[in-house]
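Structure file target-v3.cif (mmCIF, C-alpha atoms) is printed below.
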data_structure
loop_
_atom_site.label_atom_id
_atom_site.label_comp_id
_atom_site.auth_asym_id
_atom_site.auth_seq_id
_atom_site.Cartn_x
_atom_site.Cartn_y
_atom_site.Cartn_z
CA MET T 1 0.00 0.00 0.00
CA GLU T 2 1.11 3.54 -0.68
CA ASP T 3 1.77 5.95 2.19
CA GLN T 4 -0.92 8.32 0.90
CA GLN T 5 -3.53 5.56 0.94
CA ILE T 6 -2.49 4.48 4.44
CA ALA T 7 -2.69 8.09 5.67
CA MET T 8 -6.22 8.41 4.26
CA LEU T 9 -7.32 5.18 5.95
CA ALA T 10 -5.63 6.19 9.21
CA GLY T 11 -7.46 9.54 9.14
CA LYS T 12 -10.81 7.81 8.66
CA ALA T 13 -10.09 5.48 11.60
CA LEU T 14 -9.20 8.45 13.79
CA GLU T 15 -12.45 10.20 12.77
CA ALA T 16 -14.50 7.05 13.43
CA ARG T 17 -12.93 6.86 16.91
CA LYS T 18 -14.73 10.11 17.79
CA LEU T 19 -18.08 8.28 17.39
CA SER T 20 -17.20 5.56 19.88
CA TYR T 21 -19.74 4.71 22.58
CA CYS T 22 -17.52 3.63 25.49
CA PRO T 23 -19.06 4.78 28.79
CA TYR T 24 -17.70 1.78 30.73
CA SER T 25 -14.10 1.36 29.61
CA GLY T 26 -13.45 4.90 28.42
CA PHE T 27 -11.39 3.31 25.61
CA ALA T 28 -12.46 4.72 22.23
CA VAL T 29 -11.64 2.80 19.07
CA GLY T 30 -12.24 3.62 15.41
CA ALA T 31 -11.62 1.48 12.36
CA ALA T 32 -11.60 2.02 8.60
CA LEU T 33 -11.89 -0.93 6.23
CA LEU T 34 -10.65 -0.54 2.65
CA CYS T 35 -12.34 -2.65 -0.02
CA ARG T 36 -10.32 -3.57 -3.10
CA ASP T 37 -12.54 -1.28 -5.21
CA GLY T 38 -11.57 1.72 -3.03
CA THR T 39 -14.76 1.86 -0.95
CA VAL T 40 -14.15 2.54 2.75
CA TYR T 41 -16.38 1.42 5.61
CA THR T 42 -15.83 2.82 9.09
CA GLY T 43 -16.78 1.55 12.51
CA CYS T 44 -16.41 2.41 16.16
CA ASN T 45 -16.60 0.32 19.30
CA ILE T 46 -20.03 0.20 20.90
CA GLU T 47 -20.13 -0.92 24.52
CA ASN T 48 -22.97 -2.39 26.52
CA SER T 49 -23.40 -2.73 30.27
CA ALA T 50 -23.61 -6.49 29.63
CA PHE T 51 -20.03 -6.59 28.37
CA SER T 52 -20.46 -9.64 26.12
CA ALA T 53 -22.87 -7.58 23.98
CA THR T 54 -20.11 -5.07 23.20
CA VAL T 55 -18.82 -4.94 19.62
CA CYS T 56 -15.40 -3.78 18.48
CA ALA T 57 -14.76 -1.09 15.87
CA GLU T 58 -13.10 -3.54 13.50
CA ARG T 59 -16.08 -5.91 13.49
CA THR T 60 -18.49 -3.00 13.11
CA ALA T 61 -16.70 -1.90 9.92
CA ILE T 62 -16.45 -5.44 8.53
CA PHE T 63 -20.08 -6.28 9.33
CA LYS T 64 -21.27 -3.04 7.72
CA ALA T 65 -19.37 -3.95 4.55
CA VAL T 66 -20.53 -7.57 4.51
CA SER T 67 -24.15 -6.51 5.13
CA GLU T 68 -23.91 -4.43 1.94
CA GLY T 69 -22.57 -7.33 -0.12
CA ARG T 70 -18.83 -6.58 0.07
CA ARG T 71 -16.39 -9.44 0.49
CA ASP T 72 -13.14 -8.29 -1.14
CA PHE T 73 -11.06 -6.41 1.42
CA ALA T 74 -7.54 -4.97 1.15
CA ALA T 75 -6.74 -3.35 4.50
CA LEU T 76 -8.06 -2.17 7.84
CA ALA T 77 -6.75 0.68 9.98
CA VAL T 78 -7.50 0.75 13.71
CA ALA T 79 -6.94 3.61 16.16
CA GLY T 80 -7.69 3.37 19.86
CA GLY T 81 -6.95 5.03 23.13
CA LYS T 82 -8.45 6.75 26.13
CA ARG T 83 -11.58 8.66 25.18
CA ASP T 84 -10.33 11.96 26.63
CA GLU T 85 -7.10 11.89 24.59
CA GLU T 86 -7.31 13.79 21.32
CA SER T 87 -5.08 11.23 19.60
CA PRO T 88 -4.01 7.74 20.64
CA THR T 89 -0.76 7.60 22.57
CA ASP T 90 -0.06 3.97 21.70
CA TYR T 91 -0.74 1.49 18.92
CA CYS T 92 -4.04 -0.37 19.27
CA MET T 93 -4.16 -3.93 17.94
CA PRO T 94 -7.28 -5.90 17.01
CA CYS T 95 -8.49 -8.36 19.64
CA GLY T 96 -8.56 -12.10 18.98
CA VAL T 97 -12.24 -12.13 18.03
CA CYS T 98 -11.68 -9.39 15.45
CA ARG T 99 -8.66 -11.23 14.06
CA GLN T 100 -10.80 -14.35 13.68
CA VAL T 101 -13.50 -12.35 11.83
CA MET T 102 -10.82 -10.93 9.54
CA ALA T 103 -9.61 -14.50 8.88
CA GLU T 104 -13.11 -15.38 7.69
CA PHE T 105 -13.09 -12.73 4.95
CA CYS T 106 -9.46 -11.78 4.28
CA SER T 107 -6.33 -13.37 2.86
CA PRO T 108 -3.69 -13.90 5.57
CA ALA T 109 -0.90 -13.13 3.08
CA GLU T 110 -2.50 -10.11 1.37
CA PHE T 111 -4.74 -8.33 3.91
CA THR T 112 -2.98 -5.47 5.71
CA VAL T 113 -3.78 -4.42 9.29
CA ILE T 114 -2.61 -0.93 10.22
CA SER T 115 -2.31 0.12 13.86
CA VAL T 116 -2.57 3.93 13.99
CA LYS T 117 -1.36 6.62 16.38
CA SER T 118 -1.69 9.39 13.76
CA THR T 119 -1.88 9.68 9.98
CA GLY T 120 1.91 9.64 9.87
CA ASP T 121 2.63 7.29 12.78
CA TYR T 122 1.47 3.72 12.29
CA ARG T 123 2.57 0.10 12.16
CA SER T 124 1.55 -2.23 9.38
CA TYR T 125 1.14 -6.04 9.48
CA LYS T 126 -0.18 -8.81 7.28
CA LEU T 127 -3.10 -10.67 8.85
CA GLY T 128 -1.11 -13.92 8.81
CA GLU T 129 1.46 -12.32 11.13
CA LEU T 130 -1.25 -11.45 13.65
CA LEU T 131 -3.13 -14.76 13.48
CA PRO T 132 -0.87 -17.61 12.39
CA GLY T 133 -2.58 -20.96 12.01
CA ALA T 134 -6.04 -19.38 11.95
CA PHE T 135 -9.14 -21.57 12.09
CA GLY T 136 -10.93 -21.10 8.79
CA ALA T 137 -13.17 -22.73 6.20
CA ALA T 138 -10.46 -25.28 5.33
CA SER T 139 -10.46 -26.38 8.98
CA MET T 140 -14.08 -27.48 8.58
CA LYS T 141 -13.30 -30.17 5.97
#

Spell out the structure here as structure tokens.
Amino acid sequence: MEDQQIAMLAGKALEARKLSYCPYSGFAVGAALLCRDGTVYTGCNIENSAFSATVCAERTAIFKAVSEGRRDFAALAVAGGKRDEESPTDYCMPCGVCRQVMAEFCSPAEFTVISVKSTGDYRSYKLGELLPGAFGAASMK
């Protein structure tokens, strides 16, 4: 991916973070999912007092895309940190459940996960690096 494209995706993740509903943890997360055709879907974390009903920003973005018929994804940027901080002070990584959802829809060798502190400060990984040996459709045979 080009730096300009990563910066755009990082910016969208940072903007989505502002929409987070996180009254319990105070940890706001935004995500931006890039489809191969250039379409971007954003998501934020949405907490619930019954914590198991909480959904992460990454899954929100992916589920929005899938619910609109998209299945061909290139990259996802995620930005997270304390709600009262203007920008994240550390890199936020997707949780295990989000990594498993990504494994359902994305190529481990081609899909890029970008952990964002700012549009110019990020770390980039291939999904296979974050979830080696993932359980997937082939595991069901």

query = Which residues come within 8 Å of Tyr21 in chain T, counting all atoms listed in the file, excluding same-chain residues fewer than 4 positions away, as number ranges by chain?
reply = T: 28, 44-47

key: Explicit residues for the PyMOL selection byres ((chain T and resi 80) around 7) (as a list in words)   = Arg17, Phe27, Ala28, Val29, Gly30, Val78, Ala79, Gly81, Pro88 and Cys92 of chain T

remark   = Glu85 in chain T proximity check over T:Leu14, T:Ala138, T:Cys106, T:Ile6, using all atoms listed in the file: winner is T:Leu14

Distance criterion (only C-alpha atoms): nearest to Val66 in chain T out of T:Val97, T:Tyr41, T:Met140, T:Thr119 =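 Nearest to Val66 in chain T: T:Tyr41.
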
inquiry  = Assuming the chain letters and numbering stay as they are in my file, what does the PyMOL selection byres ((chain T and resi 75) around 8) actually select? List them as JSON, numbers by chain.
reply    = {"T": [33, 34, 35, 73, 74, 76, 77, 111, 112, 113, 114]}

Same residues, C-alpha atoms, saved as a PDB file, keeping the file's coordinate frame:
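What follows is the written file result-v9.pdb:
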ATOM      1  CA  LEU T  33     -11.890  -0.930   6.230  1.00  0.00           C
ATOM      2  CA  LEU T  34     -10.650  -0.540   2.650  1.00  0.00           C
ATOM      3  CA  CYS T  35     -12.340  -2.650  -0.020  1.00  0.00           C
ATOM      4  CA  PHE T  73     -11.060  -6.410   1.420  1.00  0.00           C
ATOM      5  CA  ALA T  74      -7.540  -4.970   1.150  1.00  0.00           C
ATOM      6  CA  LEU T  76      -8.060  -2.170   7.840  1.00  0.00           C
ATOM      7  CA  ALA T  77      -6.750   0.680   9.980  1.00  0.00           C
ATOM      8  CA  PHE T 111      -4.740  -8.330   3.910  1.00  0.00           C
ATOM      9  CA  THR T 112      -2.980  -5.470   5.710  1.00  0.00           C
ATOM     10  CA  VAL T 113      -3.780  -4.420   9.290  1.00  0.00           C
ATOM     11  CA  ILE T 114      -2.610  -0.930  10.220  1.00  0.00           C
TER      12      ILE T 114
END

request  = Take CA of Tyr122 in chain T and CA of Ala13 in chain T and report the distance between them in Å, one decimal.
outcome  =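 For CA of Tyr122 in chain T relative to CA of Ala13 in chain T, the distance reads 11.7 Å.
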
task = Give me, please, the distance in Å between CA of Lys126 in chain T and CA of Ala16 in chain T, quoted to one decimal.
result =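 Atom-to-atom, CA of Lys126 in chain T to CA of Ala16 in chain T, that is 22.2 Å.
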
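Nearest residue to Ala31 in chain T among T:Lys141, T:Thr89, T:Ser115, T:Gln4 is T:Ser115, counting all atoms listed in the file.
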